[in-house]
Amino acid sequence: MNGLILKDMYMMKKYFRFSWVVVGIFLIVGAINEQFSFYHAYSCMMGGIVPISVLSFDEKERWMDYADTLPLSANTIVRSKYLFGLIFSLAVTALAIVSYMVNCMKNRGGDLSSVPAMASVFFFLSMLPAILLMPVLFRFGVEKGRILYYVLFGTLFAIVALTGITDSFRPTLRLNPAIALIATVILWIVSLLLSQAAYPKRPR
Amino acid sequence: MNALDIRGLTKRYGGFALDGVDLTLPEGCILGLIGENGAGKTTTIKAALNIIPRDSGEVEIFGQRTEGDIAWLKEDIGIVMGEPGLSSCLTGEQVSRIMNGIFARWDGEEFRRLAGELDLPLNKPYKELSQGNRMKLGIAVALSHGAELLILDEPTNGLDPVIRDRFMSILMDFTREENHSVLISSHIVSDLEKVCDYIAFLHKGRLMLCEEKDALMEEYGVLHCKREDFEAIDPAAVIGSSNSVYGVSAVVRRDAVPEGWELSPVSLEDLFVVMVKEA
C-alpha cells in the first residue's frame with residue numbers, strides 16, 4: 001500500500017499544485033474576511049476532491065489495468081485511495097481550522113468556542129466527495145461518475161454560496177462535534193465497504 | 001512441476017469465444033503463444049490470471065489453483081500486458097520507488113541494471129517516452145522483483161530489432177535458472193522461434209497445436225516440387241500448399257513423404273500461416 005500512496009503523492013504534486021494554491025488563497029481570505037464560511041467550505045471540498053481527481057487520472061492512464069498485473073488485491077487498491085483521501089482531508093481540515101481560528105481572533109473577539117463544531121463541519125465537507133463519489137467511480141468509471149460529480153458539487157456549491165448555511169452553525173450551534181465526527185467516520189467506512197464491493201465489478 | 005497448467009479455459013464475449021484452451025508450461029521452459037490479432041492470446045492470459053472472469057476451466061500456477069484473489073501469487077510472476085498504465089508524470093526512478101512499496105522483493109539495483117541494458121532513460125517522465133521505451137519500462141519492472149514465472153503479452157511491440165534481440169537474450173538468461181519459466185505471446189513469430197521450447201498456435205479462440213518446438217521442426221518440412229510430383233503425395237500429409245509458375249510449395253508431414261524427396265526446414269511462421277489458411 002505504501003507504493004500506491006507514494007504514486008498518488010507524486011501525481012498530486014505534479015497535477016494539483018494549482019488546487020493547493022487556490023485552497024491556500026481561499027483560506028487566507030477566509031482568515032480575514034467576515035463572510036468566511038464559504039471560503040472554508042469551498043477549500044475543504046476542493047481538498048477533498050483531490051483523491052477523486054487522482055482516481056480520474058488513474059482511469060485515463062489505465063493504471064487500474066496495470067494494477068491487475070501487480071500483487072495488489074482489489075481491497076488494497078481501494079483502501080489506499082481512501083487512505084490517501086483521508087490524509088488530504090485531515091490536512092485541509094487542519095489548515096481550515098487554523099484559518100478559522102485566525103478569523104475568530106480577528107473578527108469574533110477571540111471566541112474560540114465554536115472551533116470544535118466547525119472543525120467537524122470542515123472535516124465532513126472535506127470527506128464528502130470521497131464518501132459520495134468513490135463508490136460510484138469505482139463501480140461505473142469516471143465518465144458516468146463525472147455526471148454525478150457535477151450535479152453534487154454544483155448543488156452543494158450553490159447551497160453554501162447562496163444560503164451561507166455554514167454561517168448559521170456558528171452562533172447557534174447545536175452540533176455535537178464528537179457525534180458529527182463519528183457520523184463522518186461511519187459514512188466513510190460504509191463508503192469504503194461499498195467501493196470494495198464495487199471495484200471488482202468495474203467496467204474493463 | 002509445471003509452472004502453468006491451463007485446462008479447458010473458456011471465455012465468451014459478444015462475438016468471440018475462447019474455446020476450451022489447454023496449455024502446459026513445464027518449469028524451466030519458454031512457451032510461445034502465437035496467434036493473429038484477435039486470436040485470443042490476451043484473453044487467454046487475462047483469464048488465466050483471473051484478471052477477467054472465466055466461464056469455465058481450471059488454471060494452476062506453481063501447482064496453486066488461481067481462483068479468487070491471487071494478488072499474493074503475483075509476487076512470483078512478472079507480467080507484461082502491453083504498455084504499462086503508468087501516470088504520464090512518473091519517471092523511471094519514481095516507478096522504482098513505487099514498486100519498492102508494492103513488491104516484497106523489489107530489487108532497485110536490478111531494475112537500474114536492466115534499464116541500462118535496454119537503453120531505457122530513467123530520468124524522463126513517462127509521457128516523454130516512446131512506445132518502445134514504455135514497453136522496456138514494463139519489462140524492467142516485470143524482471144526486477146524476483147519473479148519465477150514471466151507472463152508476457154506482446155512484449156516486443158514497438159521495440160526495434162536490436163533491442164528485441166537484447167530482450168530475447170535477457171529471456172534466455174532468465175530461464176537459465178531451472179525453476180524460471182516464461183509464457184510469451186506474440187505475432188512476431190521469428191522472435192519466438194529463437195527462444196521458445198514449446199509453441200502453441202491459437203486461432204479464433206481455438207488451440208490448433210501445442211508442442212515442443214523441436215518436435216514440430218522434425219514433424220513438418222517444406223516441399224518444393226513439380227505439380228505432377230505433388231499430386232502423388234497423400235493429401236492427408238499436406239498441411240497447406242501454394243502454386244507458382246515454378247511448381248508447388250507445400251508444408252507437409254515429413255513421415256508421409258516418400259524417401260529420397262528433399263525437404264527444407266519449415267519456419268514457425270510458414271507453418272502458422274499455412275495452418276491458419278487451411279483452418
# chains A, B, ... in the order shown; residues from 1 in each chain; ligands from 1
>>> residues_around(residues="range 207-219 of chain B", least_positions_apart="6", cutoff="7 Å", atoms="only C-alpha atoms", output="compact mmCIF listing (two decimals) with N, CA and C atoms, in the first residue's frame")
# COMPACT_ATOMS: atom_id res chain seq x y z
N VAL B 21 -9.35 -23.97 -24.04
CA VAL B 21 -7.89 -23.98 -24.29
C VAL B 21 -7.15 -24.76 -23.21
N CYS B 196 11.93 -20.14 -27.91
CA CYS B 196 10.91 -20.98 -27.25
C CYS B 196 11.26 -22.48 -27.27
N ASP B 197 10.87 -23.13 -26.19
CA ASP B 197 10.98 -24.59 -26.14
C ASP B 197 9.68 -25.23 -26.63
N TYR B 198 8.58 -24.58 -26.31
CA TYR B 198 7.26 -25.08 -26.70
C TYR B 198 6.54 -23.99 -27.49
N ILE B 199 5.71 -24.42 -28.41
CA ILE B 199 4.96 -23.49 -29.25
C ILE B 199 3.48 -23.87 -29.22
N ALA B 200 2.64 -22.86 -29.07
CA ALA B 200 1.20 -23.08 -29.17
C ALA B 200 0.63 -22.14 -30.21
N PHE B 201 -0.23 -22.66 -31.08
CA PHE B 201 -0.91 -21.83 -32.08
C PHE B 201 -2.34 -21.63 -31.63
N ARG B 253 3.84 -33.23 -43.75
CA ARG B 253 4.39 -34.09 -42.69
C ARG B 253 5.55 -34.87 -43.30
N ARG B 254 6.67 -34.82 -42.62
CA ARG B 254 7.86 -35.46 -43.17
C ARG B 254 7.67 -36.98 -43.34
N PRO B 265 13.72 -27.12 -44.08
CA PRO B 265 13.09 -26.90 -42.76
C PRO B 265 11.95 -25.90 -42.87
N VAL B 266 10.93 -26.12 -42.09
CA VAL B 266 9.79 -25.19 -42.08
C VAL B 266 10.02 -24.16 -40.98
>>> interface_residues(of="chain B", to="chain A", cutoff="12 Å", atoms="only C-alpha atoms", output="compact mmCIF listing (two decimals) with N, CA and C atoms, in the first residue's frame")
# COMPACT_ATOMS: atom_id res chain seq x y z
N ILE B 45 -4.48 -15.07 -21.47
CA ILE B 45 -3.61 -14.66 -20.36
C ILE B 45 -4.42 -13.99 -19.26
N LYS B 46 -5.33 -13.10 -19.64
CA LYS B 46 -6.12 -12.40 -18.63
C LYS B 46 -7.00 -13.38 -17.84
N ALA B 47 -7.60 -14.31 -18.56
CA ALA B 47 -8.47 -15.28 -17.87
C ALA B 47 -7.65 -16.20 -16.98
N ALA B 48 -6.44 -16.56 -17.45
CA ALA B 48 -5.59 -17.43 -16.64
C ALA B 48 -5.17 -16.74 -15.35
N LEU B 49 -4.99 -15.43 -15.42
CA LEU B 49 -4.54 -14.68 -14.24
C LEU B 49 -5.71 -14.11 -13.43
N ASN B 50 -6.93 -14.52 -13.79
CA ASN B 50 -8.11 -14.03 -13.08
C ASN B 50 -8.30 -12.52 -13.23
N ILE B 51 -7.70 -11.94 -14.24
CA ILE B 51 -7.92 -10.50 -14.46
C ILE B 51 -9.32 -10.30 -15.02
N ILE B 52 -9.76 -11.24 -15.84
CA ILE B 52 -11.18 -11.27 -16.25
C ILE B 52 -11.75 -12.61 -15.80
N PRO B 53 -13.03 -12.64 -15.45
CA PRO B 53 -13.60 -13.91 -15.02
C PRO B 53 -13.70 -14.89 -16.17
N GLY B 68 -10.31 -16.79 -7.23
CA GLY B 68 -10.44 -15.66 -6.30
C GLY B 68 -9.27 -14.71 -6.41
N ASP B 69 -8.89 -14.14 -5.29
CA ASP B 69 -7.83 -13.13 -5.29
C ASP B 69 -6.46 -13.82 -5.29
N ILE B 70 -5.70 -13.59 -6.36
CA ILE B 70 -4.37 -14.22 -6.45
C ILE B 70 -3.26 -13.17 -6.38
N ALA B 71 -3.55 -12.06 -5.71
CA ALA B 71 -2.55 -10.98 -5.62
C ALA B 71 -1.24 -11.52 -5.04
N TRP B 72 -1.32 -12.35 -4.03
CA TRP B 72 -0.13 -12.88 -3.37
C TRP B 72 0.74 -13.68 -4.34
N LEU B 73 0.07 -14.37 -5.29
CA LEU B 73 0.81 -15.19 -6.24
C LEU B 73 1.60 -14.33 -7.23
N LYS B 74 1.15 -13.11 -7.42
CA LYS B 74 1.81 -12.22 -8.41
C LYS B 74 3.15 -11.69 -7.90
N GLU B 75 3.48 -11.94 -6.64
CA GLU B 75 4.84 -11.65 -6.18
C GLU B 75 5.85 -12.47 -6.96
N ASP B 76 5.42 -13.66 -7.40
CA ASP B 76 6.32 -14.59 -8.09
C ASP B 76 6.15 -14.56 -9.60
N ILE B 77 5.29 -13.66 -10.09
CA ILE B 77 5.03 -13.62 -11.54
C ILE B 77 5.35 -12.22 -12.05
N GLY B 78 6.14 -12.17 -13.09
CA GLY B 78 6.37 -10.89 -13.77
C GLY B 78 5.45 -10.82 -14.96
N ILE B 79 4.61 -9.81 -14.99
CA ILE B 79 3.58 -9.75 -16.03
C ILE B 79 3.75 -8.49 -16.88
N VAL B 80 3.73 -8.67 -18.18
CA VAL B 80 3.71 -7.52 -19.09
C VAL B 80 2.51 -7.70 -20.01
N MET B 81 1.61 -6.74 -19.96
CA MET B 81 0.42 -6.79 -20.82
C MET B 81 0.39 -5.50 -21.64
N GLY B 82 1.19 -5.41 -22.64
CA GLY B 82 1.28 -4.17 -23.41
C GLY B 82 1.97 -3.10 -22.60
N GLU B 83 1.77 -1.84 -23.03
CA GLU B 83 2.41 -0.74 -22.30
C GLU B 83 1.85 -0.67 -20.89
N PRO B 84 2.72 -0.44 -19.89
CA PRO B 84 2.18 -0.32 -18.53
C PRO B 84 1.35 0.94 -18.39
N GLY B 85 0.27 0.87 -17.63
CA GLY B 85 -0.59 2.04 -17.43
C GLY B 85 -0.05 2.91 -16.31
N LEU B 86 1.05 3.58 -16.60
CA LEU B 86 1.66 4.43 -15.57
C LEU B 86 1.27 5.88 -15.80
N SER B 87 1.30 6.64 -14.74
CA SER B 87 0.97 8.05 -14.86
C SER B 87 2.02 8.75 -15.72
N SER B 88 1.55 9.65 -16.56
CA SER B 88 2.47 10.29 -17.51
C SER B 88 3.50 11.17 -16.83
N CYS B 89 3.31 11.50 -15.56
CA CYS B 89 4.27 12.38 -14.88
C CYS B 89 5.41 11.59 -14.23
N LEU B 90 5.28 10.27 -14.13
CA LEU B 90 6.26 9.49 -13.37
C LEU B 90 7.52 9.20 -14.17
N THR B 91 8.66 9.33 -13.52
CA THR B 91 9.92 8.92 -14.14
C THR B 91 10.22 7.47 -13.76
N GLU B 93 12.80 6.36 -12.21
CA GLU B 93 13.28 6.33 -10.82
C GLU B 93 12.11 6.33 -9.84
N GLN B 94 11.11 7.16 -10.14
CA GLN B 94 9.93 7.19 -9.26
C GLN B 94 9.18 5.87 -9.31
N VAL B 95 9.10 5.30 -10.52
CA VAL B 95 8.43 4.00 -10.67
C VAL B 95 9.13 2.97 -9.78
N SER B 96 10.47 3.02 -9.76
CA SER B 96 11.22 2.06 -8.94
C SER B 96 10.87 2.23 -7.45
N ARG B 97 10.76 3.47 -7.00
CA ARG B 97 10.40 3.71 -5.59
C ARG B 97 8.98 3.22 -5.30
N ILE B 98 8.10 3.44 -6.26
CA ILE B 98 6.71 2.97 -6.09
C ILE B 98 6.68 1.44 -6.00
N MET B 99 7.40 0.81 -6.91
CA MET B 99 7.40 -0.66 -6.93
C MET B 99 8.04 -1.24 -5.67
N ASN B 100 8.97 -0.48 -5.11
CA ASN B 100 9.59 -0.91 -3.85
C ASN B 100 8.55 -1.00 -2.73
N GLY B 101 7.51 -0.19 -2.85
CA GLY B 101 6.42 -0.23 -1.87
C GLY B 101 5.32 -1.20 -2.24
N ILE B 102 5.45 -1.84 -3.40
CA ILE B 102 4.41 -2.79 -3.84
C ILE B 102 4.91 -4.23 -3.80
N PHE B 103 6.13 -4.46 -4.30
CA PHE B 103 6.68 -5.82 -4.32
C PHE B 103 7.52 -6.06 -3.06
N ALA B 104 7.33 -7.23 -2.48
CA ALA B 104 8.09 -7.57 -1.25
C ALA B 104 9.58 -7.74 -1.56
N ARG B 105 9.91 -8.20 -2.78
CA ARG B 105 11.33 -8.47 -3.10
C ARG B 105 11.83 -7.55 -4.21
N TRP B 106 11.37 -6.32 -4.21
CA TRP B 106 11.80 -5.39 -5.27
C TRP B 106 13.30 -5.17 -5.20
N PRO B 125 10.08 11.69 -17.76
CA PRO B 125 8.71 11.31 -17.40
C PRO B 125 8.11 10.37 -18.45
N TYR B 126 7.20 9.58 -18.00
CA TYR B 126 6.60 8.54 -18.84
C TYR B 126 6.03 9.12 -20.14
N LYS B 127 5.45 10.31 -20.04
CA LYS B 127 4.81 10.90 -21.23
C LYS B 127 5.83 11.21 -22.32
N GLY B 138 8.03 -1.47 -18.67
CA GLY B 138 7.19 -2.57 -18.18
C GLY B 138 7.98 -3.85 -18.04
N VAL B 141 10.32 -3.67 -15.00
CA VAL B 141 9.56 -3.88 -13.74
C VAL B 141 9.28 -5.37 -13.55
N ALA B 142 8.85 -6.02 -14.63
CA ALA B 142 8.47 -7.45 -14.53
C ALA B 142 9.66 -8.33 -14.14
N HIS B 145 11.70 -8.13 -9.62
CA HIS B 145 11.17 -8.44 -8.28
C HIS B 145 11.26 -9.93 -7.94
N ALA B 147 10.78 -12.61 -9.80
CA ALA B 147 9.74 -13.50 -10.33
C ALA B 147 10.34 -14.82 -10.82
N LEU B 150 7.46 -15.59 -15.92
CA LEU B 150 7.14 -14.38 -16.67
C LEU B 150 5.96 -14.68 -17.58
N ILE B 151 4.98 -13.79 -17.56
CA ILE B 151 3.86 -13.90 -18.49
C ILE B 151 3.84 -12.60 -19.29
N LEU B 152 4.16 -12.73 -20.56
CA LEU B 152 4.43 -11.55 -21.39
C LEU B 152 3.50 -11.55 -22.59
N ASP B 153 2.67 -10.54 -22.68
CA ASP B 153 1.73 -10.44 -23.78
C ASP B 153 2.24 -9.39 -24.77
>>> residues_around(residues="range 160-177 of chain B", least_positions_apart="3", cutoff="12 Å", atoms="only C-alpha atoms", output="number ranges by chain")
B: 26-31, 78, 113-120, 130-133, 135-136, 139-140, 142-144, 146-152, 154-157, 180-184, 188, 190-197
>>> write_last_selection(atoms="N, CA and C atoms", output="compact mmCIF listing (two decimals), in the first residue's frame")
# COMPACT_ATOMS: atom_id res chain seq x y z
N PRO B 26 5.99 -26.37 -18.70
CA PRO B 26 6.84 -27.01 -17.68
C PRO B 26 7.84 -26.00 -17.11
N GLU B 27 8.25 -26.23 -15.87
CA GLU B 27 9.25 -25.34 -15.25
C GLU B 27 10.53 -25.32 -16.06
N GLY B 28 11.13 -24.16 -16.13
CA GLY B 28 12.41 -24.04 -16.82
C GLY B 28 12.29 -23.87 -18.32
N CYS B 29 11.06 -23.73 -18.83
CA CYS B 29 10.86 -23.66 -20.29
C CYS B 29 10.23 -22.34 -20.71
N ILE B 30 10.31 -22.09 -22.00
CA ILE B 30 9.65 -20.93 -22.59
C ILE B 30 8.59 -21.44 -23.56
N LEU B 31 7.36 -21.02 -23.32
CA LEU B 31 6.25 -21.39 -24.19
C LEU B 31 5.82 -20.16 -24.99
N GLY B 78 6.14 -12.17 -13.09
CA GLY B 78 6.37 -10.89 -13.77
C GLY B 78 5.45 -10.82 -14.96
N ARG B 113 20.00 -1.89 -13.57
CA ARG B 113 20.87 -2.65 -14.47
C ARG B 113 20.14 -2.99 -15.77
N LEU B 114 18.88 -3.46 -15.63
CA LEU B 114 18.11 -3.80 -16.82
C LEU B 114 17.81 -2.57 -17.66
N ALA B 115 17.52 -1.46 -16.99
CA ALA B 115 17.25 -0.22 -17.72
C ALA B 115 18.48 0.15 -18.56
N GLY B 116 19.66 -0.01 -17.97
CA GLY B 116 20.89 0.27 -18.71
C GLY B 116 21.05 -0.67 -19.88
N GLU B 117 20.76 -1.94 -19.64
CA GLU B 117 20.93 -2.93 -20.71
C GLU B 117 19.96 -2.68 -21.87
N LEU B 118 18.79 -2.16 -21.52
CA LEU B 118 17.78 -1.93 -22.56
C LEU B 118 17.79 -0.49 -23.09
N ASP B 119 18.78 0.28 -22.66
CA ASP B 119 18.86 1.70 -23.09
C ASP B 119 17.62 2.48 -22.72
N LEU B 120 17.16 2.29 -21.51
CA LEU B 120 15.95 2.98 -21.05
C LEU B 120 16.34 4.14 -20.14
N SER B 130 9.06 6.97 -25.70
CA SER B 130 8.47 6.39 -26.91
C SER B 130 7.72 5.12 -26.53
N GLN B 131 6.95 4.59 -27.47
CA GLN B 131 6.21 3.34 -27.21
C GLN B 131 7.18 2.23 -26.81
N GLY B 132 8.31 2.18 -27.53
CA GLY B 132 9.29 1.14 -27.23
C GLY B 132 9.86 1.29 -25.83
N ASN B 133 10.17 2.52 -25.43
CA ASN B 133 10.73 2.74 -24.10
C ASN B 133 9.71 2.46 -23.00
N MET B 135 7.46 0.19 -23.23
CA MET B 135 7.44 -1.27 -23.13
C MET B 135 8.65 -1.77 -22.35
N LYS B 136 9.79 -1.14 -22.58
CA LYS B 136 11.00 -1.54 -21.84
C LYS B 136 10.81 -1.33 -20.35
N ILE B 139 8.86 -4.11 -19.00
CA ILE B 139 9.68 -5.32 -18.97
C ILE B 139 10.65 -5.28 -17.79
N ALA B 140 11.27 -4.11 -17.59
CA ALA B 140 12.23 -3.98 -16.48
C ALA B 140 11.53 -4.18 -15.13
N ALA B 142 8.85 -6.02 -14.63
CA ALA B 142 8.47 -7.45 -14.53
C ALA B 142 9.66 -8.33 -14.14
N LEU B 143 10.86 -7.86 -14.48
CA LEU B 143 12.05 -8.69 -14.24
C LEU B 143 12.82 -8.29 -12.98
N SER B 144 12.31 -7.37 -12.21
CA SER B 144 13.10 -6.82 -11.09
C SER B 144 12.54 -7.14 -9.71
N GLY B 146 12.23 -10.59 -8.54
CA GLY B 146 12.46 -11.98 -8.18
C GLY B 146 11.41 -12.94 -8.67
N ALA B 147 10.78 -12.61 -9.80
CA ALA B 147 9.74 -13.50 -10.33
C ALA B 147 10.34 -14.82 -10.82
N GLU B 148 9.54 -15.87 -10.70
CA GLU B 148 9.97 -17.18 -11.21
C GLU B 148 9.24 -17.53 -12.50
N LEU B 149 8.17 -16.81 -12.76
CA LEU B 149 7.40 -17.04 -13.99
C LEU B 149 7.15 -15.68 -14.64
N LEU B 150 7.46 -15.59 -15.92
CA LEU B 150 7.14 -14.38 -16.67
C LEU B 150 5.96 -14.68 -17.58
N ILE B 151 4.98 -13.79 -17.56
CA ILE B 151 3.86 -13.90 -18.49
C ILE B 151 3.84 -12.60 -19.29
N LEU B 152 4.16 -12.73 -20.56
CA LEU B 152 4.43 -11.55 -21.39
C LEU B 152 3.50 -11.55 -22.59
N GLU B 154 2.66 -9.84 -25.92
CA GLU B 154 3.20 -8.96 -26.97
C GLU B 154 4.26 -8.01 -26.41
N PRO B 155 5.28 -8.53 -25.72
CA PRO B 155 6.23 -7.62 -25.07
C PRO B 155 7.18 -6.92 -26.03
N THR B 156 7.27 -7.41 -27.27
CA THR B 156 8.24 -6.80 -28.19
C THR B 156 7.61 -5.76 -29.11
N ASN B 157 6.32 -5.48 -28.88
CA ASN B 157 5.68 -4.44 -29.69
C ASN B 157 6.40 -3.11 -29.52
N HIS B 180 12.82 -21.20 -13.48
CA HIS B 180 12.28 -20.00 -14.14
C HIS B 180 11.61 -20.37 -15.45
N SER B 181 10.42 -19.83 -15.68
CA SER B 181 9.66 -20.20 -16.88
C SER B 181 9.05 -18.95 -17.50
N VAL B 182 8.72 -19.06 -18.77
CA VAL B 182 8.17 -17.89 -19.49
C VAL B 182 7.02 -18.33 -20.39
N LEU B 183 5.93 -17.61 -20.30
CA LEU B 183 4.87 -17.71 -21.32
C LEU B 183 4.89 -16.38 -22.07
N ILE B 184 5.11 -16.45 -23.36
CA ILE B 184 5.23 -15.21 -24.14
C ILE B 184 4.33 -15.31 -25.36
N ILE B 188 5.01 -11.72 -33.70
CA ILE B 188 6.33 -11.66 -34.37
C ILE B 188 6.97 -13.03 -34.15
N SER B 190 9.20 -14.80 -35.61
CA SER B 190 10.64 -15.04 -35.69
C SER B 190 11.30 -14.88 -34.31
N ASP B 191 10.79 -13.96 -33.49
CA ASP B 191 11.33 -13.79 -32.14
C ASP B 191 11.14 -15.06 -31.32
N LEU B 192 9.94 -15.60 -31.41
CA LEU B 192 9.62 -16.77 -30.59
C LEU B 192 10.42 -17.99 -31.05
N GLU B 193 10.62 -18.05 -32.34
CA GLU B 193 11.35 -19.19 -32.91
C GLU B 193 12.75 -19.30 -32.29
N LYS B 194 13.34 -18.14 -31.95
CA LYS B 194 14.70 -18.15 -31.42
C LYS B 194 14.77 -18.72 -30.00
N VAL B 195 13.75 -18.46 -29.21
CA VAL B 195 13.90 -18.71 -27.77
C VAL B 195 12.99 -19.79 -27.19
N CYS B 196 11.93 -20.14 -27.91
CA CYS B 196 10.91 -20.98 -27.25
C CYS B 196 11.26 -22.48 -27.27
N ASP B 197 10.87 -23.13 -26.19
CA ASP B 197 10.98 -24.59 -26.14
C ASP B 197 9.68 -25.23 -26.63
>>> residues_around(residues="range 38-46 of chain A", least_positions_apart="4", cutoff="6 Å", atoms="only C-alpha atoms", output="number ranges by chain")
A: 23, 26, 30, 92, 96, 125-126
>>> write_last_selection(atoms="C-alpha atoms", output="short mmCIF file (atom, residue, chain, number, x, y, z; two decimals), in the first residue's frame")
data_model
loop_
_atom_site.label_atom_id
_atom_site.label_comp_id
_atom_site.auth_asym_id
_atom_site.auth_seq_id
_atom_site.Cartn_x
_atom_site.Cartn_y
_atom_site.Cartn_z
CA VAL A 23 -7.04 26.37 -1.34
CA PHE A 26 -9.23 30.86 -0.07
CA GLY A 30 -11.26 33.10 4.97
CA VAL A 92 -7.07 20.58 4.57
CA ALA A 96 -9.14 25.38 7.60
CA LEU A 125 -17.05 18.61 3.95
CA SER A 126 -13.54 17.50 3.07
#
>>> select_by_dssp(residues="range 54-177 of chain A", states="alpha helix (DSSP H)", output="PyMOL selection string")
chain A and resi 54-60+63-67+74-107+115-140+142-163+177
>>> residues_around(residues="Ala31 in chain A", least_positions_apart="5", cutoff="7 Å", atoms="only C-alpha atoms", output="JSON, numbers by chain")
{"A": [36, 99, 100, 102, 103]}
>>> write_last_selection(atoms="all heavy atoms", output="PDB file, in the first residue's frame")
ATOM      1  N   PHE A  36     -16.642  34.362   6.149  1.00  0.00           N
ATOM      2  CA  PHE A  36     -15.541  33.405   5.991  1.00  0.00           C
ATOM      3  C   PHE A  36     -15.972  31.987   5.630  1.00  0.00           C
ATOM      4  O   PHE A  36     -15.247  31.256   4.997  1.00  0.00           O
ATOM      5  CB  PHE A  36     -14.716  33.345   7.281  1.00  0.00           C
ATOM      6  CG  PHE A  36     -15.530  32.938   8.471  1.00  0.00           C
ATOM      7  CD1 PHE A  36     -15.617  31.617   8.821  1.00  0.00           C
ATOM      8  CD2 PHE A  36     -16.215  33.878   9.216  1.00  0.00           C
ATOM      9  CE1 PHE A  36     -16.369  31.229   9.909  1.00  0.00           C
ATOM     10  CE2 PHE A  36     -16.966  33.483  10.303  1.00  0.00           C
ATOM     11  CZ  PHE A  36     -17.053  32.176  10.653  1.00  0.00           C
ATOM     12  N   SER A  99      -7.180  28.688   9.829  1.00  0.00           N
ATOM     13  CA  SER A  99      -7.743  29.883   9.203  1.00  0.00           C
ATOM     14  C   SER A  99      -8.954  30.384  10.004  1.00  0.00           C
ATOM     15  O   SER A  99      -9.108  31.584  10.235  1.00  0.00           O
ATOM     16  CB  SER A  99      -8.149  29.549   7.764  1.00  0.00           C
ATOM     17  OG  SER A  99      -8.845  30.620   7.195  1.00  0.00           O
ATOM     18  N   TYR A 100      -9.793  29.447  10.429  1.00  0.00           N
ATOM     19  CA  TYR A 100     -10.994  29.802  11.197  1.00  0.00           C
ATOM     20  C   TYR A 100     -10.613  30.436  12.536  1.00  0.00           C
ATOM     21  O   TYR A 100     -11.214  31.437  12.972  1.00  0.00           O
ATOM     22  CB  TYR A 100     -11.835  28.544  11.421  1.00  0.00           C
ATOM     23  CG  TYR A 100     -13.099  28.802  12.206  1.00  0.00           C
ATOM     24  CD1 TYR A 100     -14.193  29.425  11.607  1.00  0.00           C
ATOM     25  CD2 TYR A 100     -13.205  28.425  13.544  1.00  0.00           C
ATOM     26  CE1 TYR A 100     -15.342  29.657  12.315  1.00  0.00           C
ATOM     27  CE2 TYR A 100     -14.363  28.650  14.267  1.00  0.00           C
ATOM     28  CZ  TYR A 100     -15.433  29.270  13.645  1.00  0.00           C
ATOM     29  OH  TYR A 100     -16.577  29.513  14.355  1.00  0.00           O
ATOM     30  N   VAL A 102      -7.872  32.018  13.249  1.00  0.00           N
ATOM     31  CA  VAL A 102      -7.340  33.374  12.987  1.00  0.00           C
ATOM     32  C   VAL A 102      -8.501  34.340  12.802  1.00  0.00           C
ATOM     33  O   VAL A 102      -8.505  35.464  13.341  1.00  0.00           O
ATOM     34  CB  VAL A 102      -6.423  33.368  11.738  1.00  0.00           C
ATOM     35  CG1 VAL A 102      -6.066  34.781  11.310  1.00  0.00           C
ATOM     36  CG2 VAL A 102      -5.174  32.552  12.011  1.00  0.00           C
ATOM     37  N   ASN A 103      -9.513  33.875  12.079  1.00  0.00           N
ATOM     38  CA  ASN A 103     -10.686  34.717  11.839  1.00  0.00           C
ATOM     39  C   ASN A 103     -11.392  35.051  13.156  1.00  0.00           C
ATOM     40  O   ASN A 103     -11.801  36.195  13.390  1.00  0.00           O
ATOM     41  CB  ASN A 103     -11.641  33.997  10.885  1.00  0.00           C
ATOM     42  CG  ASN A 103     -12.736  34.920  10.394  1.00  0.00           C
ATOM     43  OD1 ASN A 103     -13.587  35.350  11.167  1.00  0.00           O
ATOM     44  ND2 ASN A 103     -12.692  35.258   9.103  1.00  0.00           N
TER      45      ASN A 103
END
>>> atom_distance(atom1="CA of Arg65 in chain B", atom2="CA of Arg7 in chain B")
11.2 Å
>>> atom_distance(atom1="CA of Ile97 in chain A", atom2="CA of Arg17 in chain A")
21.0 Å
>>> closest_residue(among="B:Pro121, B:Gly40, B:Gly8, B:Gly221", to="Asp255 in chain B", atoms="only C-alpha atoms")
B:Gly221
>>> residues_around(residues="Leu18 in chain B", least_positions_apart="6", cutoff="10 Å", atoms="only C-alpha atoms", output="PyMOL selection string")
chain B and resi 8-12+39-41+43-44+47+54-55+202-207
>>> select_by_dssp(residues="range 30-272 of chain B", states="strand (DSSP E)", output="ChimeraX atom specification")
/B:30-35,56-61,64-65,77-81,149-153,181-186,198-203,206-212,220-225,238-244,247-253,263-265
>>> closest_residue(among="A:Tyr199, A:Phe153, A:Trp20, A:Phe123", to="Phe138 in chain A", atoms="only C-alpha atoms")
A:Tyr199
